[in-house]
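One structure is given below, encoded as structure tokens.
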Protein chains: 2
Amino acid sequence: MTDAAPRTARARARAELTREIVDTARAHLEAAGAASLSLRAVARDLGMVSSAIYRYFPSRDDLLTHLIIDAYNGLGDAAEVREAAVAREDLLGRWLAVAHACRDWALAHPQEWALVYGSPVPGYAAPEATIGPGTRVSATLLAILADAIGQGVGPDAVPVPRRVARGIRPLREFAGSAVPDAYLVAGVMARTQLFGHIGLELDGQFANTIDDLDAFFDHVMRRTAATLGFA
Amino acid sequence: MTDAAPRTARARARAELTREIVDTARAHLEAAGAASLSLRAVARDLGMVSSAIYRYFPSRDDLLTHLIIDAYNGLGDAAEVREAAVAREDLLGRWLAVAHACRDWALAHPQEWALVYGSPVPGYAAPEATIGPGTRVSATLLAILADAIGQGVGPDAVPVPRRVARGIRPLREFAGSAVPDAYLVAGVMARTQLFGHIGLELDGQFANTIDDLDAFFDHVMRRTAATLGFA
DNA sequence: CCATCGTTGTGAGCACTGCTCTTGACAGAG
DNA sequence: CTCTGTCAAGAGCAGTGCTCACAACGATGG
């Protein structure tokens, strides 16, 4: 995909300008939100004419797609780095690391979070290229759950109705058959708790209700970890 | 607020046209999303000139605010009606009624859901008038939790750290002091599970992962009810 | 009943948007 | 040196939210 080392001067100029466009667009995104991201304003900031942008990105949606992939990767990087710094056998620590990394990243980049997990921009269909980076956090969480099974810990093995078990088949195949259905359900619920909490917090749904959101989030994530059987 | 019976013919025409504008705008909203809601398009559909709309709504944001309040009330109505049809002592039934009512409404009106629970429209600050209707579902859920205490059921009474207990003081005052902190935390987590699940489902985050979302949602909501001590 | 006054619809216009197309200039390859 | 492909520029199209002066109309006081 990304050509490693651009040979000619023109190619290097192109690569650099492409990066500048994306960076400027991201700055505008963080300042004003996705819907008011204006190609013309980005071009103005770069001292070029608006139509020149189209030499680098065929449309505004295409530029947005780049920003979405960047956002997914930024979040994925943050989560993976923080999770990797925790001892492998410390399941609770790894879960909390991912959770806090996601929330910290979301609070630092609210507009980028809204871009990927908020309501989809109308008329915008997520292209194939986004689904890979979009699953990095979930994959990290699934790895923790798999390690938990290796350690013999996990959520209570409540029975899962047959219809539900049948309905989560794609997830089971993705996770590998070693993960029991009840664990998968508990894992999805944990992820929903994590992503849902962050989304509601960014939307201000806890305003006038909870003062100390830092402490509350940590406590909620520990309670969630308990449902997964983590110490 | 709402003048009961408009006397003059002009006042009646005004009320009717106001309703027509809102209805047309909602139709456009459902069809194309909030960001591409165009005052001019609404005016065209109504056979009037765009500037005439401004006799009824001072700005596009103001029209959006009306749609937001309508959406909150539509969701609140749906949830309250379904919940009211369940026997008071059937806590699980009441919880499931609210949960399924919310999801059904969200699936039927995805753009309106995104309008109120999705990423806020940039440059739009939710006015005071929206906070009342915005809490109806949460208030219904809180009533169920309060009734649960009356029945002597509730979540496991795990200790709540002092800092968390201090941070949820506004919520505790809103709920009344009869609800222990651990119950409040469990209730907020249940609401996060409900709203988070619906949001992630509408965003397509369960695509390629879970086939039977109806069955999965029901199971997840039953598991969530179990954390609240509901049979 | 009529004249006045306030409310409403009209259309032009401003500044902005995404996007297209033609034009002219330049860099790199043969 | 020529030729070809890439690039920025600028004009232009269709659309947006919003403002304003003006005209038409209904409600109301004399």
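Chain labels follow the order of the structure tokens: the first chain is A, the next B, and so on; residue numbering restarts at 1 in every chain, and ligands are counted from 1 in their shown order.
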I want to know what sits within 12 Å of DT4 (chain C), based on only C-alpha atoms (C1' of nucleotides), with residues of the same chain fewer than 4 positions away left out; could you give that as a count of residues only? 4
Give me, as CSV, the closest atom pair and its distance (Å, one decimal) for every residue of chain A within a cut-off of 12 Å of chain D, counting only C-alpha atoms (C1' of nucleotides), rows sorted by chain and rising number.
```
residue,atom,partner,partner_atom,distance
A:Arg10,CA,D:DT6,C1',8.9
A:Ala11,CA,D:DT6,C1',10.3
A:Ala13,CA,D:DC7,C1',11.1
A:Arg14,CA,D:DC7,C1',10.0
A:Ala43,CA,D:DA8,C1',11.7
A:Gly47,CA,D:DA8,C1',11.0
A:Met48,CA,D:DA8,C1',7.8
A:Val49,CA,D:DA9,C1',7.0
A:Ser50,CA,D:DA9,C1',9.5
A:Ser51,CA,D:DA9,C1',8.3
A:Ala52,CA,D:DA8,C1',6.0
A:Ile53,CA,D:DA8,C1',9.6
A:Tyr54,CA,D:DA8,C1',10.8
A:Arg55,CA,D:DC7,C1',7.8
A:Tyr56,CA,D:DC7,C1',10.5
```
Got time to write the residues from that selection, C-alpha atoms, as a PDB file, in the first residue's frame?
```
ATOM      1  CA  ARG A  10       8.071  14.833  -7.330  1.00  0.00           C
ATOM      2  CA  ALA A  11       7.048  11.673  -5.531  1.00  0.00           C
ATOM      3  CA  ALA A  13       6.805  16.248  -2.632  1.00  0.00           C
ATOM      4  CA  ARG A  14       3.583  14.409  -3.221  1.00  0.00           C
ATOM      5  CA  ALA A  43      -6.621  24.247   1.219  1.00  0.00           C
ATOM      6  CA  GLY A  47      -1.855  28.193   0.900  1.00  0.00           C
ATOM      7  CA  MET A  48      -3.208  26.313  -2.062  1.00  0.00           C
ATOM      8  CA  VAL A  49      -6.370  26.426  -4.099  1.00  0.00           C
ATOM      9  CA  SER A  50      -9.222  24.101  -3.226  1.00  0.00           C
ATOM     10  CA  SER A  51      -9.203  22.202  -6.486  1.00  0.00           C
ATOM     11  CA  ALA A  52      -5.586  21.222  -5.931  1.00  0.00           C
ATOM     12  CA  ILE A  53      -6.669  19.009  -3.042  1.00  0.00           C
ATOM     13  CA  TYR A  54      -8.440  16.801  -5.549  1.00  0.00           C
ATOM     14  CA  ARG A  55      -5.080  15.813  -7.009  1.00  0.00           C
ATOM     15  CA  TYR A  56      -4.442  14.026  -3.707  1.00  0.00           C
TER      16      TYR A  56
END
```
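Nearest to Ala97 (chain A) of all the residues A:Ile21, A:Leu194, A:Val164, A:Ala27 is A:Leu194, counting only C-alpha atoms.
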Each residue of chain C with at least one atom at most 9 Å from chain B should appear once, together with its nearest atom pair and the corresponding distance in Å (one decimal); atoms considered: only C-alpha atoms (C1' of nucleotides); ordering: chain, then increasing residue number; output as a tab-separated table.
```
residue	atom	partner	partner_atom	distance
C:DT7	C1'	B:Arg10	CA	8.7
C:DT8	C1'	B:Arg55	CA	7.6
C:DG9	C1'	B:Ala52	CA	6.2
C:DT10	C1'	B:Val49	CA	7.3
C:DG11	C1'	B:Val49	CA	8.6
```
For the selection just defined, write its residues with N, CA and C atoms (P, O5', C5', C4', C3', O3' and C1' of nucleotides) to a file, as an mmCIF file, in the first residue's frame.
```
data_model
loop_
_atom_site.group_PDB
_atom_site.id
_atom_site.type_symbol
_atom_site.label_atom_id
_atom_site.label_comp_id
_atom_site.auth_asym_id
_atom_site.auth_seq_id
_atom_site.Cartn_x
_atom_site.Cartn_y
_atom_site.Cartn_z
ATOM 1 P P DT C 7 -46.816 40.848 15.068
ATOM 2 O "O5'" DT C 7 -47.094 39.620 14.088
ATOM 3 C "C5'" DT C 7 -48.444 39.218 13.855
ATOM 4 C "C4'" DT C 7 -48.566 38.621 12.467
ATOM 5 C "C3'" DT C 7 -47.450 37.634 12.094
ATOM 6 O "O3'" DT C 7 -48.065 36.396 11.773
ATOM 7 C "C1'" DT C 7 -47.867 39.134 10.320
ATOM 8 P P DT C 8 -47.161 35.093 11.610
ATOM 9 O "O5'" DT C 8 -47.006 34.959 10.029
ATOM 10 C "C5'" DT C 8 -48.165 34.746 9.236
ATOM 11 C "C4'" DT C 8 -47.859 35.047 7.789
ATOM 12 C "C3'" DT C 8 -46.729 34.210 7.178
ATOM 13 O "O3'" DT C 8 -47.278 33.243 6.327
ATOM 14 C "C1'" DT C 8 -46.680 36.508 6.480
ATOM 15 P P DG C 9 -46.298 32.130 5.664
ATOM 16 O "O5'" DG C 9 -45.971 32.766 4.246
ATOM 17 C "C5'" DG C 9 -46.999 32.828 3.266
ATOM 18 C "C4'" DG C 9 -46.506 33.546 2.027
ATOM 19 C "C3'" DG C 9 -45.343 32.854 1.312
ATOM 20 O "O3'" DG C 9 -45.607 32.814 -0.081
ATOM 21 C "C1'" DG C 9 -44.764 35.096 1.819
ATOM 22 P P DT C 10 -44.513 32.185 -1.078
ATOM 23 O "O5'" DT C 10 -43.703 33.443 -1.598
ATOM 24 C "C5'" DT C 10 -44.420 34.542 -2.170
ATOM 25 C "C4'" DT C 10 -43.450 35.550 -2.741
ATOM 26 C "C3'" DT C 10 -42.262 34.951 -3.509
ATOM 27 O "O3'" DT C 10 -42.287 35.430 -4.836
ATOM 28 C "C1'" DT C 10 -41.547 36.624 -1.960
ATOM 29 P P DG C 11 -41.528 34.570 -5.974
ATOM 30 O "O5'" DG C 11 -40.149 35.366 -6.095
ATOM 31 C "C5'" DG C 11 -40.201 36.755 -6.362
ATOM 32 C "C4'" DG C 11 -38.855 37.379 -6.054
ATOM 33 C "C3'" DG C 11 -37.646 36.631 -6.621
ATOM 34 O "O3'" DG C 11 -36.787 37.568 -7.236
ATOM 35 C "C1'" DG C 11 -37.326 37.046 -4.340
#
```
Write out, as a Markdown table, each residue of chain A that has an atom at most 7 Å from chain B, together with the closest pair of atoms and their distance in Å to one decimal, counting only C-alpha atoms, rows going by chain and rising number.
```
| residue | atom | partner | partner_atom | distance |
| --- | --- | --- | --- | --- |
| A:Ala32 | CA | B:Pro122 | CA | 6.3 |
| A:Gly33 | CA | B:Pro122 | CA | 5.5 |
| A:Ala35 | CA | B:Pro122 | CA | 6.7 |
| A:Ala114 | CA | B:Ser119 | CA | 5.6 |
| A:Gly118 | CA | B:Ser119 | CA | 4.9 |
| A:Ser119 | CA | B:Gly118 | CA | 4.9 |
| A:Pro120 | CA | B:Asp203 | CA | 6.9 |
| A:Pro122 | CA | B:Gly33 | CA | 5.5 |
| A:Arg163 | CA | B:Ala215 | CA | 6.6 |
| A:Val164 | CA | B:Phe216 | CA | 5.5 |
| A:Gly167 | CA | B:Asp212 | CA | 4.4 |
| A:Ile168 | CA | B:Ile210 | CA | 4.6 |
| A:Arg169 | CA | B:Ile210 | CA | 6.9 |
| A:Pro170 | CA | B:Thr209 | CA | 5.0 |
| A:Leu171 | CA | B:Thr209 | CA | 4.6 |
| A:Thr192 | CA | B:Gly196 | CA | 5.7 |
| A:Gln193 | CA | B:Gln193 | CA | 5.4 |
| A:Phe195 | CA | B:Gly196 | CA | 6.9 |
| A:Gly196 | CA | B:Gly196 | CA | 3.9 |
| A:His197 | CA | B:Thr192 | CA | 5.9 |
| A:Asp203 | CA | B:Ser119 | CA | 6.5 |
| A:Asn208 | CA | B:Pro170 | CA | 6.4 |
| A:Thr209 | CA | B:Leu171 | CA | 4.6 |
| A:Ile210 | CA | B:Ile168 | CA | 4.6 |
| A:Asp211 | CA | B:Gly167 | CA | 4.8 |
| A:Asp212 | CA | B:Gly167 | CA | 4.4 |
| A:Ala215 | CA | B:Val164 | CA | 5.5 |
| A:Phe216 | CA | B:Val164 | CA | 5.5 |
```
I'd like to know which residues of region 15-123 of chain A are helix (DSSP H, G or I) (by DSSP, run on the backbone); could you write them as an NGL selection string? :A and (15-32 or 39-45 or 50-53 or 60-84 or 91-108 or 110-117)
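The two atoms in question, CA of Asp77 (chain B) and CA of Arg94 (chain B), are spaced 14.5 Å apart.
Counting from CA of Gln151 (chain B), the distance to CA of Pro180 (chain B) is 14.2 Å.
Between CA of Arg40 (chain B) and CA of Phe57 (chain B) lies a distance of 12.8 Å.
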